[in-house]
Amino acid sequence: MFDKKLRLLLLNAIERIEVSVRTQWAYHFAHTHGAHAYLDKKFYLDLDQLSDNMTKLKDEFERSKEVFITHYKKTYNDPSMPPIWVACEIMSLGLLSKYYSNLNSRKVLDAIANTYFLNKTVMKSLLHHLAHIRNLCAHHSRIWNRDFKIKIKIPKSKSLKLTPNFNTKERSKLYNTLVFLIHLMDVINPSNKWRERLFHLIDEHNINISSMGFPDNYMDLDIWKS
């Protein structure tokens, strides 16, 4: 029961983060390069990857019954794909992660990452990891004491207040994911209660949180005090 409730709590945070990152992606790409620039090959590093990503996006576009997609199809035929702020609404987190990782625009990469007080390298890794976590949760896979194959890069900058909160000895456990989720939720909505909901869930069950990667001194770390 604990794992089921934990999966739902993780999905709740990841979905909010997904919406936020989509918004930042659309805004900064359009503001910097234009509404349809995401279709331009010159803004990507790997053209084969772009081709795969674009095929998936076009498939989603054709299947979508959303009102705003239907409106675009009926109203416009050139370009065949909608502006980025419409296209991003039908992107999965996994596809958004692939687009971000393949982007060849430092200005856009940095602008999105900086929104969350991260660098682009950590942001790429984090989006990939969160897409993996989301898929595991959606498929009802065990989460709480899992060793994750797709690990997150941890910020190295000592000037970043977030850095000391991570457990560098347990990189494959859920703990570091939770630190990132709390950080992102606090950026998106400083008055959110996600941290409290997590504590309440843990308190409800007799769980050995060290199996999740929690360090012994976690209550002394700033991320858990707010």
# chains A, B, ... in the order shown; residues from 1 in each chain; ligands from 1

call {"tool": "residues_around", "arguments": {"residues": "Ala113 (chain A)", "least_positions_apart": "3", "cutoff": "10 Å", "atoms": "only C-alpha atoms", "output": "mmCIF file with C-alpha atoms, in the first residue's frame"}}
result
data_model
loop_
_atom_site.group_PDB
_atom_site.id
_atom_site.type_symbol
_atom_site.label_atom_id
_atom_site.label_comp_id
_atom_site.auth_asym_id
_atom_site.auth_seq_id
_atom_site.Cartn_x
_atom_site.Cartn_y
_atom_site.Cartn_z
ATOM 1 C CA VAL A 21 8.892 22.636 -18.092
ATOM 2 C CA GLN A 24 9.338 27.178 -20.183
ATOM 3 C CA TRP A 25 10.319 25.196 -23.280
ATOM 4 C CA VAL A 108 17.351 28.265 -24.653
ATOM 5 C CA LEU A 109 18.954 25.392 -22.732
ATOM 6 C CA ASP A 110 20.367 27.761 -20.133
ATOM 7 C CA TYR A 116 14.930 26.004 -11.777
ATOM 8 C CA PHE A 117 18.362 27.180 -10.542
ATOM 9 C CA LEU A 118 20.099 24.304 -12.324
ATOM 10 C CA ASN A 119 22.567 24.021 -15.188
ATOM 11 C CA LYS A 120 21.711 22.473 -18.536
ATOM 12 C CA THR A 121 23.726 19.282 -17.916
ATOM 13 C CA VAL A 122 21.838 18.530 -14.714
ATOM 14 C CA MET A 123 18.547 19.534 -16.357
ATOM 15 C CA LYS A 124 19.064 17.087 -19.233
#

call {"tool": "residues_around", "arguments": {"residues": "Glu15 (chain A)", "least_positions_apart": "5", "cutoff": "9 Å", "atoms": "only C-alpha atoms", "output": "tab-separated table (two decimals) with N, CA and C atoms, in the first residue's frame"}}
result
chain	number	residue	atom	x	y	z
A	10	LEU	N	4.34	10.71	-6.32
A	10	LEU	CA	5.38	11.03	-7.29
A	10	LEU	C	4.77	11.53	-8.60
A	20	SER	N	5.13	22.68	-16.07
A	20	SER	CA	6.01	23.85	-15.92
A	20	SER	C	7.13	23.85	-16.95
A	93	LEU	N	6.46	13.65	-21.44
A	93	LEU	CA	7.67	14.08	-20.74
A	93	LEU	C	8.90	13.44	-21.36
A	134	ARG	N	8.38	8.36	-14.12
A	134	ARG	CA	6.97	8.48	-14.49
A	134	ARG	C	6.47	7.20	-15.15

call {"tool": "residues_around", "arguments": {"residues": "region 171-188 of chain A", "least_positions_apart": "5", "cutoff": "10 Å", "atoms": "only C-alpha atoms", "output": "number ranges by chain"}}
result
A: 10, 13-14, 16-17, 20-21, 115-118, 126, 129-130, 133, 143-154, 162-163, 165-166, 193-195, 198, 209-215, 218, 223-224, 226

call {"tool": "residues_around", "arguments": {"residues": "region 137-141 of chain A", "least_positions_apart": "5", "cutoff": "9 Å", "atoms": "only C-alpha atoms", "output": "JSON, numbers by chain"}}
result
{"A": [3, 4, 6, 7, 8, 10, 11, 132]}

call {"tool": "atom_distance", "arguments": {"atom1": "CA of Thr70 (chain A)", "atom2": "CA of Phe43 (chain A)"}}
result
27.4 Å

call {"tool": "residues_around", "arguments": {"residues": "region 82-92 of chain A", "least_positions_apart": "3", "cutoff": "8 Å", "atoms": "only C-alpha atoms", "output": "list in words"}}
result
Arg22, Thr23, Trp25, Ala26, Tyr27, Phe29, Ala30, Ala35, His36, Ala37, Tyr38, Leu57, Glu60, Phe61, Ser64, Phe68, Ile69, Tyr72, Pro79, Leu95 and Leu96 of chain A

call {"tool": "write_last_selection", "arguments": {"atoms": "N, CA and C atoms", "output": "PDB file, in the first residue's frame"}}
result
ATOM      1  N   ARG A  22       7.241  22.268 -19.848  1.00  0.00           N
ATOM      2  CA  ARG A  22       6.641  22.506 -21.169  1.00  0.00           C
ATOM      3  C   ARG A  22       6.460  24.004 -21.421  1.00  0.00           C
ATOM      4  N   THR A  23       5.940  24.688 -20.416  1.00  0.00           N
ATOM      5  CA  THR A  23       5.701  26.127 -20.536  1.00  0.00           C
ATOM      6  C   THR A  23       7.002  26.877 -20.775  1.00  0.00           C
ATOM      7  N   TRP A  25       9.810  25.627 -21.971  1.00  0.00           N
ATOM      8  CA  TRP A  25      10.319  25.196 -23.280  1.00  0.00           C
ATOM      9  C   TRP A  25       9.674  26.023 -24.397  1.00  0.00           C
ATOM     10  N   ALA A  26       8.363  26.112 -24.370  1.00  0.00           N
ATOM     11  CA  ALA A  26       7.642  26.851 -25.412  1.00  0.00           C
ATOM     12  C   ALA A  26       7.983  28.336 -25.374  1.00  0.00           C
ATOM     13  N   TYR A  27       7.985  28.911 -24.182  1.00  0.00           N
ATOM     14  CA  TYR A  27       8.233  30.346 -24.065  1.00  0.00           C
ATOM     15  C   TYR A  27       9.630  30.716 -24.543  1.00  0.00           C
ATOM     16  N   PHE A  29      11.915  28.996 -26.315  1.00  0.00           N
ATOM     17  CA  PHE A  29      12.212  28.654 -27.709  1.00  0.00           C
ATOM     18  C   PHE A  29      11.555  29.674 -28.643  1.00  0.00           C
ATOM     19  N   ALA A  30      10.278  29.953 -28.408  1.00  0.00           N
ATOM     20  CA  ALA A  30       9.560  30.906 -29.267  1.00  0.00           C
ATOM     21  C   ALA A  30      10.122  32.312 -29.126  1.00  0.00           C
ATOM     22  N   ALA A  35       8.092  31.016 -33.345  1.00  0.00           N
ATOM     23  CA  ALA A  35       7.011  30.090 -33.002  1.00  0.00           C
ATOM     24  C   ALA A  35       7.151  28.710 -33.634  1.00  0.00           C
ATOM     25  N   HIS A  36       7.733  28.654 -34.836  1.00  0.00           N
ATOM     26  CA  HIS A  36       7.878  27.372 -35.533  1.00  0.00           C
ATOM     27  C   HIS A  36       9.341  26.943 -35.678  1.00  0.00           C
ATOM     28  N   ALA A  37      10.220  27.599 -34.959  1.00  0.00           N
ATOM     29  CA  ALA A  37      11.652  27.292 -35.083  1.00  0.00           C
ATOM     30  C   ALA A  37      11.993  25.894 -34.590  1.00  0.00           C
ATOM     31  N   TYR A  38      11.136  25.326 -33.741  1.00  0.00           N
ATOM     32  CA  TYR A  38      11.403  23.970 -33.246  1.00  0.00           C
ATOM     33  C   TYR A  38      11.400  22.938 -34.375  1.00  0.00           C
ATOM     34  N   LEU A  57       6.122  13.080 -32.619  1.00  0.00           N
ATOM     35  CA  LEU A  57       5.300  14.269 -32.385  1.00  0.00           C
ATOM     36  C   LEU A  57       4.192  14.383 -33.431  1.00  0.00           C
ATOM     37  N   GLU A  60       1.443  11.952 -32.666  1.00  0.00           N
ATOM     38  CA  GLU A  60       0.588  12.470 -31.587  1.00  0.00           C
ATOM     39  C   GLU A  60      -0.343  13.566 -32.110  1.00  0.00           C
ATOM     40  N   PHE A  61       0.186  14.391 -32.987  1.00  0.00           N
ATOM     41  CA  PHE A  61      -0.601  15.478 -33.582  1.00  0.00           C
ATOM     42  C   PHE A  61      -1.772  14.914 -34.388  1.00  0.00           C
ATOM     43  N   SER A  64      -4.404  13.291 -31.979  1.00  0.00           N
ATOM     44  CA  SER A  64      -5.005  14.138 -30.950  1.00  0.00           C
ATOM     45  C   SER A  64      -6.411  14.613 -31.319  1.00  0.00           C
ATOM     46  N   PHE A  68      -7.844  22.457 -29.383  1.00  0.00           N
ATOM     47  CA  PHE A  68      -6.885  23.392 -29.983  1.00  0.00           C
ATOM     48  C   PHE A  68      -6.124  22.767 -31.151  1.00  0.00           C
ATOM     49  N   ILE A  69      -5.962  21.433 -31.122  1.00  0.00           N
ATOM     50  CA  ILE A  69      -5.314  20.741 -32.243  1.00  0.00           C
ATOM     51  C   ILE A  69      -6.272  20.667 -33.429  1.00  0.00           C
ATOM     52  N   TYR A  72      -6.444  23.954 -35.147  1.00  0.00           N
ATOM     53  CA  TYR A  72      -5.289  24.245 -36.002  1.00  0.00           C
ATOM     54  C   TYR A  72      -5.401  23.489 -37.331  1.00  0.00           C
ATOM     55  N   PRO A  79       2.553  26.281 -41.797  1.00  0.00           N
ATOM     56  CA  PRO A  79       3.140  24.940 -41.795  1.00  0.00           C
ATOM     57  C   PRO A  79       2.149  23.892 -41.283  1.00  0.00           C
ATOM     58  N   LEU A  95       9.331  12.563 -24.498  1.00  0.00           N
ATOM     59  CA  LEU A  95       9.635  13.227 -25.767  1.00  0.00           C
ATOM     60  C   LEU A  95      10.200  14.623 -25.524  1.00  0.00           C
ATOM     61  N   LEU A  96       9.656  15.328 -24.564  1.00  0.00           N
ATOM     62  CA  LEU A  96      10.180  16.646 -24.216  1.00  0.00           C
ATOM     63  C   LEU A  96      11.629  16.543 -23.759  1.00  0.00           C
TER      64      LEU A  96
END

call {"tool": "atom_distance", "arguments": {"atom1": "CA of Asn114 (chain A)", "atom2": "CA of Lys156 (chain A)"}}
result
15.1 Å

call {"tool": "atom_distance", "arguments": {"atom1": "CA of His71 (chain A)", "atom2": "CA of Ala131 (chain A)"}}
result
29.1 Å

call {"tool": "select_by_dssp", "arguments": {"residues": "region 34-226 of chain A", "states": "alpha helix (DSSP H)", "output": "PyMOL selection string"}}
result
chain A and resi 47-63+67-75+84-87+93-102+106-115+120-138+175-188+194-204

call {"tool": "residues_around", "arguments": {"residues": "Asp46 (chain A)", "least_positions_apart": "2", "cutoff": "12 Å", "atoms": "only C-alpha atoms", "output": "PyMOL selection string"}}
result
chain A and resi 41-44+48-53+98-104

call {"tool": "write_last_selection", "arguments": {"atoms": "N, CA and C atoms", "output": "PDB file, in the first residue's frame"}}
result
ATOM      1  N   LYS A  41      15.953  22.150 -38.505  1.00  0.00           N
ATOM      2  CA  LYS A  41      17.045  21.218 -38.205  1.00  0.00           C
ATOM      3  C   LYS A  41      18.265  21.892 -37.592  1.00  0.00           C
ATOM      4  N   LYS A  42      18.466  23.161 -37.903  1.00  0.00           N
ATOM      5  CA  LYS A  42      19.690  23.827 -37.443  1.00  0.00           C
ATOM      6  C   LYS A  42      19.744  23.994 -35.924  1.00  0.00           C
ATOM      7  N   PHE A  43      18.632  23.783 -35.263  1.00  0.00           N
ATOM      8  CA  PHE A  43      18.614  23.956 -33.811  1.00  0.00           C
ATOM      9  C   PHE A  43      18.828  22.642 -33.053  1.00  0.00           C
ATOM     10  N   TYR A  44      19.276  21.602 -33.768  1.00  0.00           N
ATOM     11  CA  TYR A  44      19.443  20.302 -33.117  1.00  0.00           C
ATOM     12  C   TYR A  44      20.813  19.703 -33.415  1.00  0.00           C
ATOM     13  N   ASP A  48      19.260  12.421 -36.823  1.00  0.00           N
ATOM     14  CA  ASP A  48      18.536  11.147 -36.761  1.00  0.00           C
ATOM     15  C   ASP A  48      17.590  11.133 -35.559  1.00  0.00           C
ATOM     16  N   GLN A  49      18.098  11.622 -34.441  1.00  0.00           N
ATOM     17  CA  GLN A  49      17.263  11.717 -33.245  1.00  0.00           C
ATOM     18  C   GLN A  49      16.100  12.677 -33.477  1.00  0.00           C
ATOM     19  N   LEU A  50      16.384  13.785 -34.144  1.00  0.00           N
ATOM     20  CA  LEU A  50      15.329  14.749 -34.466  1.00  0.00           C
ATOM     21  C   LEU A  50      14.254  14.102 -35.328  1.00  0.00           C
ATOM     22  N   SER A  51      14.672  13.321 -36.316  1.00  0.00           N
ATOM     23  CA  SER A  51      13.716  12.654 -37.202  1.00  0.00           C
ATOM     24  C   SER A  51      12.796  11.723 -36.416  1.00  0.00           C
ATOM     25  N   ASP A  52      13.384  10.960 -35.493  1.00  0.00           N
ATOM     26  CA  ASP A  52      12.584  10.062 -34.652  1.00  0.00           C
ATOM     27  C   ASP A  52      11.617  10.854 -33.773  1.00  0.00           C
ATOM     28  N   ASN A  53      12.140  11.920 -33.174  1.00  0.00           N
ATOM     29  CA  ASN A  53      11.306  12.746 -32.295  1.00  0.00           C
ATOM     30  C   ASN A  53      10.157  13.393 -33.063  1.00  0.00           C
ATOM     31  N   LYS A  98      13.792  14.310 -24.695  1.00  0.00           N
ATOM     32  CA  LYS A  98      14.623  14.045 -25.874  1.00  0.00           C
ATOM     33  C   LYS A  98      14.844  15.310 -26.699  1.00  0.00           C
ATOM     34  N   TYR A  99      13.812  16.115 -26.833  1.00  0.00           N
ATOM     35  CA  TYR A  99      13.968  17.388 -27.555  1.00  0.00           C
ATOM     36  C   TYR A  99      14.957  18.302 -26.830  1.00  0.00           C
ATOM     37  N   TYR A 100      14.824  18.380 -25.526  1.00  0.00           N
ATOM     38  CA  TYR A 100      15.715  19.246 -24.743  1.00  0.00           C
ATOM     39  C   TYR A 100      17.167  18.770 -24.856  1.00  0.00           C
ATOM     40  N   SER A 101      17.387  17.480 -24.726  1.00  0.00           N
ATOM     41  CA  SER A 101      18.748  16.937 -24.768  1.00  0.00           C
ATOM     42  C   SER A 101      19.403  17.109 -26.131  1.00  0.00           C
ATOM     43  N   ASN A 102      18.585  17.174 -27.171  1.00  0.00           N
ATOM     44  CA  ASN A 102      19.107  17.273 -28.536  1.00  0.00           C
ATOM     45  C   ASN A 102      19.218  18.718 -29.023  1.00  0.00           C
ATOM     46  N   LEU A 103      18.816  19.648 -28.204  1.00  0.00           N
ATOM     47  CA  LEU A 103      18.767  21.051 -28.619  1.00  0.00           C
ATOM     48  C   LEU A 103      20.161  21.664 -28.758  1.00  0.00           C
ATOM     49  N   ASN A 104      20.342  22.419 -29.827  1.00  0.00           N
ATOM     50  CA  ASN A 104      21.623  23.079 -30.093  1.00  0.00           C
ATOM     51  C   ASN A 104      21.451  24.593 -29.977  1.00  0.00           C
TER      52      ASN A 104
END

call {"tool": "decode", "arguments": {"residues": "region 137-218 of chain A", "atoms": "C-alpha atoms", "output": "PDB file, in the first residue's frame"}}
result
ATOM      1  CA  CYS A 137       4.864   4.666 -11.745  1.00  0.00           C
ATOM      2  CA  ALA A 138       2.394   4.484 -14.626  1.00  0.00           C
ATOM      3  CA  HIS A 139       3.141   0.768 -15.027  1.00  0.00           C
ATOM      4  CA  HIS A 140       2.728   0.088 -11.286  1.00  0.00           C
ATOM      5  CA  SER A 141       6.366  -0.938 -10.842  1.00  0.00           C
ATOM      6  CA  ARG A 142       7.878  -1.091  -7.366  1.00  0.00           C
ATOM      7  CA  ILE A 143       9.473   2.247  -6.536  1.00  0.00           C
ATOM      8  CA  TRP A 144      10.253   2.851  -2.885  1.00  0.00           C
ATOM      9  CA  ASN A 145      13.389   0.688  -2.435  1.00  0.00           C
ATOM     10  CA  ARG A 146      14.313   0.287  -6.076  1.00  0.00           C
ATOM     11  CA  ASP A 147      17.816   0.701  -7.486  1.00  0.00           C
ATOM     12  CA  PHE A 148      17.252   2.947 -10.490  1.00  0.00           C
ATOM     13  CA  LYS A 149      19.270   2.231 -13.623  1.00  0.00           C
ATOM     14  CA  ILE A 150      18.865   5.775 -14.925  1.00  0.00           C
ATOM     15  CA  LYS A 151      20.596   7.925 -12.322  1.00  0.00           C
ATOM     16  CA  ILE A 152      20.487  11.714 -11.983  1.00  0.00           C
ATOM     17  CA  LYS A 153      23.505  13.955 -12.223  1.00  0.00           C
ATOM     18  CA  ILE A 154      23.899  15.814  -8.947  1.00  0.00           C
ATOM     19  CA  PRO A 155      24.866  19.504  -8.999  1.00  0.00           C
ATOM     20  CA  LYS A 156      28.516  19.982  -8.056  1.00  0.00           C
ATOM     21  CA  SER A 157      28.506  23.710  -7.419  1.00  0.00           C
ATOM     22  CA  LYS A 158      29.085  24.361  -3.722  1.00  0.00           C
ATOM     23  CA  SER A 159      27.532  27.795  -4.143  1.00  0.00           C
ATOM     24  CA  LEU A 160      24.175  26.165  -4.936  1.00  0.00           C
ATOM     25  CA  LYS A 161      22.139  25.748  -1.750  1.00  0.00           C
ATOM     26  CA  LEU A 162      20.618  22.569  -3.157  1.00  0.00           C
ATOM     27  CA  THR A 163      23.910  20.639  -3.459  1.00  0.00           C
ATOM     28  CA  PRO A 164      24.487  19.633   0.216  1.00  0.00           C
ATOM     29  CA  ASN A 165      21.056  17.978   0.404  1.00  0.00           C
ATOM     30  CA  PHE A 166      21.962  15.053  -1.853  1.00  0.00           C
ATOM     31  CA  ASN A 167      23.234  11.654  -0.771  1.00  0.00           C
ATOM     32  CA  THR A 168      26.235  11.007  -3.018  1.00  0.00           C
ATOM     33  CA  LYS A 169      26.715   7.521  -1.541  1.00  0.00           C
ATOM     34  CA  GLU A 170      23.301   6.268  -2.694  1.00  0.00           C
ATOM     35  CA  ARG A 171      22.983   7.618  -6.224  1.00  0.00           C
ATOM     36  CA  SER A 172      20.707   4.854  -7.481  1.00  0.00           C
ATOM     37  CA  LYS A 173      18.071   5.194  -4.753  1.00  0.00           C
ATOM     38  CA  LEU A 174      14.902   7.287  -4.640  1.00  0.00           C
ATOM     39  CA  TYR A 175      16.162   9.805  -2.073  1.00  0.00           C
ATOM     40  CA  ASN A 176      17.944  12.089  -4.549  1.00  0.00           C
ATOM     41  CA  THR A 177      14.863  12.049  -6.773  1.00  0.00           C
ATOM     42  CA  LEU A 178      12.792  13.239  -3.824  1.00  0.00           C
ATOM     43  CA  VAL A 179      15.249  16.077  -3.155  1.00  0.00           C
ATOM     44  CA  PHE A 180      14.919  17.230  -6.762  1.00  0.00           C
ATOM     45  CA  LEU A 181      11.130  16.957  -6.699  1.00  0.00           C
ATOM     46  CA  ILE A 182      10.869  19.041  -3.531  1.00  0.00           C
ATOM     47  CA  HIS A 183      13.245  21.625  -5.003  1.00  0.00           C
ATOM     48  CA  LEU A 184      11.310  21.880  -8.268  1.00  0.00           C
ATOM     49  CA  MET A 185       7.945  22.005  -6.529  1.00  0.00           C
ATOM     50  CA  ASP A 186       9.219  24.808  -4.288  1.00  0.00           C
ATOM     51  CA  VAL A 187      10.352  26.768  -7.357  1.00  0.00           C
ATOM     52  CA  ILE A 188       7.062  26.236  -9.184  1.00  0.00           C
ATOM     53  CA  ASN A 189       4.826  26.877  -6.182  1.00  0.00           C
ATOM     54  CA  PRO A 190       6.552  28.005  -2.960  1.00  0.00           C
ATOM     55  CA  SER A 191       3.375  27.414  -0.941  1.00  0.00           C
ATOM     56  CA  ASN A 192       2.989  23.777  -2.041  1.00  0.00           C
ATOM     57  CA  LYS A 193       2.497  21.055   0.590  1.00  0.00           C
ATOM     58  CA  TRP A 194       4.181  18.200  -1.262  1.00  0.00           C
ATOM     59  CA  ARG A 195       6.983  17.799   1.279  1.00  0.00           C
ATOM     60  CA  GLU A 196       4.448  17.572   4.105  1.00  0.00           C
ATOM     61  CA  ARG A 197       2.409  15.009   2.174  1.00  0.00           C
ATOM     62  CA  LEU A 198       5.536  12.896   1.723  1.00  0.00           C
ATOM     63  CA  PHE A 199       6.337  13.044   5.453  1.00  0.00           C
ATOM     64  CA  HIS A 200       2.749  12.135   6.292  1.00  0.00           C
ATOM     65  CA  LEU A 201       2.896   9.115   3.991  1.00  0.00           C
ATOM     66  CA  ILE A 202       6.177   7.924   5.502  1.00  0.00           C
ATOM     67  CA  ASP A 203       4.840   8.376   9.041  1.00  0.00           C
ATOM     68  CA  GLU A 204       1.738   6.335   8.169  1.00  0.00           C
ATOM     69  CA  HIS A 205       3.817   3.254   7.399  1.00  0.00           C
ATOM     70  CA  ASN A 206       6.592   1.421   9.191  1.00  0.00           C
ATOM     71  CA  ILE A 207       9.146   1.979   6.445  1.00  0.00           C
ATOM     72  CA  ASN A 208      12.916   1.730   6.671  1.00  0.00           C
ATOM     73  CA  ILE A 209      13.697   4.947   4.815  1.00  0.00           C
ATOM     74  CA  SER A 210      17.390   4.092   4.622  1.00  0.00           C
ATOM     75  CA  SER A 211      16.273   1.593   1.948  1.00  0.00           C
ATOM     76  CA  MET A 212      15.155   4.639  -0.045  1.00  0.00           C
ATOM     77  CA  GLY A 213      18.608   6.169   0.298  1.00  0.00           C
ATOM     78  CA  PHE A 214      17.836   8.624   3.102  1.00  0.00           C
ATOM     79  CA  PRO A 215      21.031   9.557   4.977  1.00  0.00           C
ATOM     80  CA  ASP A 216      21.037   9.364   8.775  1.00  0.00           C
ATOM     81  CA  ASN A 217      21.278  13.148   9.084  1.00  0.00           C
ATOM     82  CA  TYR A 218      18.567  14.019   6.561  1.00  0.00           C
TER      83      TYR A 218
END
